[in-house]
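Participant: Dropping in final_11.txt, with compact mmCIF, C-alpha atoms.
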```
# COMPACT_ATOMS: atom_id res chain seq x y z
CA MET T 1 68.48 97.63 82.24
CA ASN T 2 68.89 101.37 82.37
CA ALA T 3 72.10 102.46 80.64
CA HIS T 4 71.80 106.08 81.76
CA ILE T 5 74.46 107.45 84.08
CA PRO T 6 73.04 110.51 85.85
CA THR T 7 74.98 113.75 85.48
CA HIS T 8 74.26 117.39 86.21
CA SER T 9 71.14 118.69 84.52
CA ALA T 10 73.28 120.65 82.04
CA PRO T 11 74.52 118.47 79.18
CA ARG T 12 78.19 117.58 79.38
CA PRO T 13 80.18 119.00 76.49
CA THR T 14 81.47 116.35 74.11
CA THR T 15 85.22 115.98 74.25
CA SER T 16 87.35 115.27 71.22
CA ILE T 17 89.70 112.31 70.99
CA ASP T 18 92.66 114.58 71.74
CA GLN T 19 91.30 115.28 75.23
CA PRO T 20 91.26 112.87 78.18
CA ASP T 21 87.83 111.48 78.98
CA PHE T 22 86.13 108.60 80.75
CA VAL T 23 84.51 105.71 78.91
CA ALA T 24 81.50 104.06 80.56
CA LEU T 25 82.48 100.39 80.57
CA ARG T 26 79.59 99.43 82.80
CA PRO T 27 76.68 101.73 83.52
CA ALA T 28 74.83 101.05 86.76
CA SER T 29 71.66 99.05 86.33
CA GLY T 30 68.36 100.08 87.84
CA ASP T 31 66.89 103.54 88.18
CA GLU T 32 69.83 105.05 89.99
CA HIS T 33 73.45 104.26 90.67
CA LEU T 34 74.88 104.22 94.18
CA LEU T 35 78.55 104.59 93.31
CA ARG T 36 80.49 105.79 90.30
CA LEU T 37 83.98 104.25 90.05
CA TYR T 38 86.59 106.13 88.01
CA CYS T 39 89.55 103.94 87.01
CA MET T 40 92.93 105.15 85.74
CA PRO T 41 94.94 102.51 83.80
CA PRO T 42 98.69 101.95 83.87
CA ALA T 43 101.05 103.53 81.33
CA GLY T 44 100.46 102.49 77.75
CA MET T 45 97.01 101.06 78.44
CA SER T 46 93.58 102.40 77.55
CA ALA T 47 90.08 102.22 79.02
CA PRO T 48 89.39 98.56 78.06
CA TYR T 49 92.13 97.52 80.50
CA PHE T 50 89.41 97.58 83.18
CA GLN T 51 86.75 95.67 81.22
CA ALA T 52 87.35 92.49 83.26
CA PHE T 53 86.45 94.38 86.46
CA THR T 54 82.87 94.89 85.31
CA SER T 55 81.69 91.34 85.97
CA TYR T 56 82.74 91.62 89.63
CA LEU T 57 80.82 94.81 90.44
CA PRO T 58 77.40 94.93 92.04
CA PRO T 59 74.61 96.32 89.82
CA ALA T 60 74.55 99.73 91.51
CA VAL T 61 78.20 100.50 90.65
CA SER T 62 79.07 102.13 87.37
CA LEU T 63 82.63 101.89 86.07
CA LEU T 64 84.16 104.67 84.04
CA ALA T 65 87.69 104.14 82.74
CA LEU T 66 90.12 106.82 81.65
CA GLN T 67 90.84 107.08 77.94
CA LEU T 68 93.91 109.23 77.31
CA PRO T 69 94.94 110.81 74.04
CA GLY T 70 97.46 108.64 72.22
CA ARG T 71 95.73 105.42 73.33
CA GLY T 72 92.98 103.25 71.82
CA ARG T 73 90.83 105.11 69.28
CA ALA T 74 92.95 108.21 69.91
CA THR T 75 96.22 106.60 68.78
CA GLY T 76 98.37 109.17 67.04
CA THR T 77 97.06 112.17 68.96
CA PRO T 78 99.49 114.06 71.22
CA VAL T 79 99.87 112.58 74.70
CA HIS T 80 99.71 114.53 77.96
CA THR T 81 103.08 114.96 79.65
CA ASP T 82 102.12 117.42 82.41
CA LEU T 83 100.62 115.43 85.28
CA HIS T 84 99.31 118.54 87.05
CA ARG T 85 97.44 119.78 83.95
CA LEU T 86 96.04 116.30 83.35
CA GLY T 87 94.87 116.17 86.97
CA GLN T 88 93.11 119.53 86.53
CA LEU T 89 91.33 118.37 83.37
CA LEU T 90 90.17 115.15 85.00
CA ALA T 91 89.06 116.97 88.16
CA GLU T 92 86.90 119.24 86.00
CA ARG T 93 85.47 116.22 84.18
CA ILE T 94 84.64 114.39 87.43
CA ASP T 95 83.06 117.54 88.83
CA GLN T 96 80.80 117.73 85.74
CA ASP T 97 79.43 114.27 86.64
CA ASP T 98 78.93 115.08 90.32
CA ASP T 99 75.32 114.35 91.19
CA GLY T 100 75.84 114.10 94.95
CA HIS T 101 76.19 110.31 95.01
CA PRO T 102 79.38 108.80 96.39
CA TYR T 103 82.17 108.11 93.95
CA ALA T 104 85.56 106.45 94.12
CA VAL T 105 88.81 106.85 92.19
CA PHE T 106 91.17 103.96 91.51
CA GLY T 107 94.55 104.10 89.80
CA HIS T 108 97.04 101.38 88.99
CA SER T 109 100.78 102.04 88.50
CA VAL T 110 101.14 105.31 86.54
CA GLY T 111 97.34 105.48 86.75
CA ALA T 112 97.85 105.79 90.53
CA LEU T 113 99.87 108.96 89.94
CA ILE T 114 97.11 110.33 87.72
CA ALA T 115 94.41 109.38 90.24
CA TYR T 116 96.32 110.96 93.13
CA GLU T 117 96.92 114.19 91.21
CA THR T 118 93.27 114.30 90.11
CA VAL T 119 92.00 113.99 93.69
CA THR T 120 94.59 116.55 94.85
CA CYS T 121 93.24 118.97 92.23
CA LEU T 122 89.63 118.29 93.25
CA THR T 123 90.49 119.07 96.88
CA ARG T 124 92.62 122.11 96.04
CA GLN T 125 89.78 123.54 93.93
CA GLY T 126 87.23 123.06 96.70
CA ARG T 127 85.31 120.38 94.83
CA ARG T 128 83.79 117.36 96.53
CA PRO T 129 86.45 114.67 96.98
CA PRO T 130 85.79 110.97 96.42
CA THR T 131 84.55 108.68 99.16
CA LEU T 132 87.55 106.49 98.41
CA LEU T 133 90.89 106.96 96.67
CA ALA T 134 92.52 103.56 96.01
CA LEU T 135 96.02 103.32 94.54
CA SER T 136 98.02 100.25 93.59
CA ALA T 137 101.49 99.42 92.27
CA MET T 138 103.01 102.83 93.03
CA ALA T 139 104.89 104.19 96.02
CA ALA T 140 103.04 106.70 98.20
CA PRO T 141 103.83 110.36 97.33
CA HIS T 142 105.63 110.89 100.66
CA HIS T 143 107.84 107.81 100.13
CA PRO T 144 111.37 108.29 98.64
CA ASP T 145 110.63 105.72 95.90
CA PHE T 146 107.86 107.95 94.58
CA THR T 147 110.20 110.39 92.86
CA VAL T 148 112.32 107.51 91.54
CA ARG T 149 109.30 105.77 89.98
CA ALA T 150 107.54 108.93 88.78
CA PRO T 151 109.46 110.32 85.79
CA ASP T 152 109.98 114.10 85.70
CA VAL T 153 108.04 114.32 82.45
CA LEU T 154 104.91 113.07 84.26
CA LEU T 155 105.47 115.43 87.15
CA GLY T 156 105.63 118.46 84.88
CA GLY T 157 109.17 119.28 85.97
CA ARG T 158 108.35 119.42 89.69
```
For the structure just supplied, provide its representation as structure tokens.

Facilitator:
Amino acid sequence: MNAHIPTHSAPRPTTSIDQPDFVALRPASGDEHLLRLYCMPPAGMSAPYFQAFTSYLPPAVSLLALQLPGRGRATGTPVHTDLHRLGQLLAERIDQDDDGHPYAVFGHSVGALIAYETVTCLTRQGRRPPTLLALSAMAAPHHPDFTVRAPDVLLGGR
């Protein structure tokens, strides 16, 4: 089983625990992956929230789960409260991994807000968007319930 997840030829800089990053919960098996799946957990949860998903994925799918500061091994570090800035950081991180293969972004609950903002930032910055953006347990951004369910602190005062 090959545990390597292909990235750009340049090495990815190591992030510290006070920065958001993705944890590889399940690298693709075989010589090459076909799809990289980025998962954003709900509020208060960390990357292992998605561990149960790994047994349901085909071998060519790698799962990378978001690990935010203030969660898991980064407990006690300052949390991000500006959704737009967080989206920019994650868009940059996803772009670093872009090897031309399809990728998908999934977010659940508050993770759906983060996923949506991340993909919005990717698009706004002219970077390659995901093949699929899947969101669950959150109202669509154009729906009136969106602003009710998305606290101002997460929206950066928008």

Participant: For Gly126 of chain T, work out the shell of residues within 12 Å, counting all atoms listed in the file and skipping chain neighbours fewer than 5 positions away, then give it as JSON, numbers by chain.

Facilitator: {"T": [91, 92, 95, 119, 120, 121]}

Participant: Write the residues you've just listed into a file as a CSV table (one decimal), in the frame of the given file, and include C-alpha atoms for each of them.

Facilitator:
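New file result.csv:
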```csv
chain,number,residue,atom,x,y,z
T,91,ALA,CA,89.1,117.0,88.2
T,92,GLU,CA,86.9,119.2,86.0
T,95,ASP,CA,83.1,117.5,88.8
T,119,VAL,CA,92.0,114.0,93.7
T,120,THR,CA,94.6,116.6,94.8
T,121,CYS,CA,93.2,119.0,92.2
```

Participant: Go ahead and compute the interatomic distance for atom CA of Ala52 of chain T and atom CA of Ala28 of chain T, in Å to one decimal.

Facilitator: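 If I compute the distance from atom CA of Ala52 of chain T to atom CA of Ala28 of chain T, I get 15.6 Å.
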
Participant: Mind pulling up the distance from atom CA of Pro42 of chain T to atom CA of Ala112 of chain T?

Facilitator: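 So the two atoms, atom CA of Ala112 of chain T and atom CA of Pro42 of chain T, lie 7.7 Å apart.
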
Participant: Mind giving me the straight-line distance from atom CA of Pro58 of chain T to atom CA of Ser29 of chain T in Å, one decimal?

Facilitator: 9.1 Å

Participant: Would you kindly return, as a PDB file with C-alpha atoms, in the coordinates of the input, each protein, DNA or RNA residue with an atom no farther than 8 Å from any atom of Phe106 of chain T, considering only C-alpha atoms and excluding same-chain residues fewer than 2 positions away?

Facilitator:
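The new file around12.pdb reads:
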```pdb
ATOM      1  CA  LEU T  37      83.980 104.250  90.050  1.00  0.00           C
ATOM      2  CA  TYR T  38      86.590 106.130  88.010  1.00  0.00           C
ATOM      3  CA  CYS T  39      89.550 103.940  87.010  1.00  0.00           C
ATOM      4  CA  MET T  40      92.930 105.150  85.740  1.00  0.00           C
ATOM      5  CA  ALA T 104      85.560 106.450  94.120  1.00  0.00           C
ATOM      6  CA  HIS T 108      97.040 101.380  88.990  1.00  0.00           C
ATOM      7  CA  GLY T 111      97.340 105.480  86.750  1.00  0.00           C
ATOM      8  CA  ALA T 112      97.850 105.790  90.530  1.00  0.00           C
ATOM      9  CA  ALA T 115      94.410 109.380  90.240  1.00  0.00           C
ATOM     10  CA  LEU T 133      90.890 106.960  96.670  1.00  0.00           C
ATOM     11  CA  ALA T 134      92.520 103.560  96.010  1.00  0.00           C
ATOM     12  CA  LEU T 135      96.020 103.320  94.540  1.00  0.00           C
TER      13      LEU T 135
END
```

Participant: Counting all atoms listed in the file, figure out which residue out of T:Gln125, T:Ser109, T:Gln19, T:Gln88 gets nearest to Met45 of chain T.

Facilitator: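 Under the stated criterion, the closest residue is T:Ser109.
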
Participant: Which residue gives the smallest distance to Val23 of chain T among T:Met138, T:Ala60, T:Leu113, T:Ala65, with all atoms listed in the file counted?

Facilitator: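 Under the stated criterion, the closest residue is T:Ala65.
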
Participant: Please identify all polymer residues lying at most 9 Å from the point (85.2, 115.2, 88.0) (file coordinates), using all atoms listed in the file, and present the result as a PyMOL selection string.

Facilitator: chain T and resi 89-98+118-119+122+127-128

Participant: Select, from T:Leu25, T:Leu63, T:Asp82, T:Leu34, the residue with the minimum atom-to-atom distance to Ile114 of chain T, counting all atoms listed in the file.

Facilitator: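 For Ile114 of chain T, the nearest of the given residues is T:Asp82.
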
Participant: Can you rebuild segment 43-61 of chain T with N, CA, C and O atoms and give it as a CSV table (one decimal), in the coordinates of the input?

Facilitator:
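Here's the written file rebuild.csv:
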```csv
chain,number,residue,atom,x,y,z
T,43,ALA,N,100.4,102.9,82.5
T,43,ALA,CA,101.0,103.5,81.3
T,43,ALA,C,100.9,102.6,80.1
T,43,ALA,O,101.0,101.4,80.2
T,44,GLY,N,100.6,103.2,79.0
T,44,GLY,CA,100.5,102.5,77.8
T,44,GLY,C,99.1,101.8,77.5
T,44,GLY,O,98.9,101.2,76.5
T,45,MET,N,98.3,101.8,78.5
T,45,MET,CA,97.0,101.1,78.4
T,45,MET,C,95.9,102.1,78.2
T,45,MET,O,96.0,103.2,78.5
T,46,SER,N,94.7,101.5,77.8
T,46,SER,CA,93.6,102.4,77.6
T,46,SER,C,92.4,101.9,78.4
T,46,SER,O,92.5,100.9,79.1
T,47,ALA,N,91.3,102.5,78.2
T,47,ALA,CA,90.1,102.2,79.0
T,47,ALA,C,89.7,100.7,79.1
T,47,ALA,O,89.4,100.2,80.2
T,48,PRO,N,89.8,100.0,78.0
T,48,PRO,CA,89.4,98.6,78.1
T,48,PRO,C,90.2,97.7,79.0
T,48,PRO,O,89.8,96.6,79.3
T,49,TYR,N,91.3,98.2,79.5
T,49,TYR,CA,92.1,97.5,80.5
T,49,TYR,C,91.3,97.1,81.7
T,49,TYR,O,91.5,96.0,82.3
T,50,PHE,N,90.3,97.9,82.0
T,50,PHE,CA,89.4,97.6,83.2
T,50,PHE,C,88.1,96.8,82.8
T,50,PHE,O,87.3,96.6,83.7
T,51,GLN,N,88.0,96.4,81.6
T,51,GLN,CA,86.8,95.7,81.2
T,51,GLN,C,86.5,94.4,82.1
T,51,GLN,O,85.4,94.2,82.5
T,52,ALA,N,87.5,93.7,82.4
T,52,ALA,CA,87.4,92.5,83.3
T,52,ALA,C,86.8,92.8,84.6
T,52,ALA,O,86.1,91.9,85.3
T,53,PHE,N,87.0,94.0,85.1
T,53,PHE,CA,86.4,94.4,86.5
T,53,PHE,C,84.9,94.4,86.5
T,53,PHE,O,84.3,94.2,87.5
T,54,THR,N,84.3,94.6,85.3
T,54,THR,CA,82.9,94.9,85.3
T,54,THR,C,82.0,93.7,85.8
T,54,THR,O,81.0,93.9,86.4
T,55,SER,N,82.5,92.5,85.6
T,55,SER,CA,81.7,91.3,86.0
T,55,SER,C,81.7,91.1,87.5
T,55,SER,O,80.9,90.3,88.0
T,56,TYR,N,82.6,91.8,88.2
T,56,TYR,CA,82.7,91.6,89.6
T,56,TYR,C,82.0,92.7,90.4
T,56,TYR,O,82.0,92.7,91.7
T,57,LEU,N,81.5,93.7,89.7
T,57,LEU,CA,80.8,94.8,90.4
T,57,LEU,C,79.3,94.6,90.7
T,57,LEU,O,78.7,94.0,89.8
T,58,PRO,N,78.8,95.0,91.8
T,58,PRO,CA,77.4,94.9,92.0
T,58,PRO,C,76.7,95.8,91.1
T,58,PRO,O,77.2,96.8,90.5
T,59,PRO,N,75.4,95.6,90.8
T,59,PRO,CA,74.6,96.3,89.8
T,59,PRO,C,74.6,97.8,90.0
T,59,PRO,O,74.5,98.6,89.1
T,60,ALA,N,74.7,98.3,91.3
T,60,ALA,CA,74.6,99.7,91.5
T,60,ALA,C,75.9,100.5,91.3
T,60,ALA,O,75.9,101.7,91.6
T,61,VAL,N,76.9,99.8,90.9
T,61,VAL,CA,78.2,100.5,90.6
T,61,VAL,C,78.4,100.7,89.2
T,61,VAL,O,78.4,99.7,88.4
```
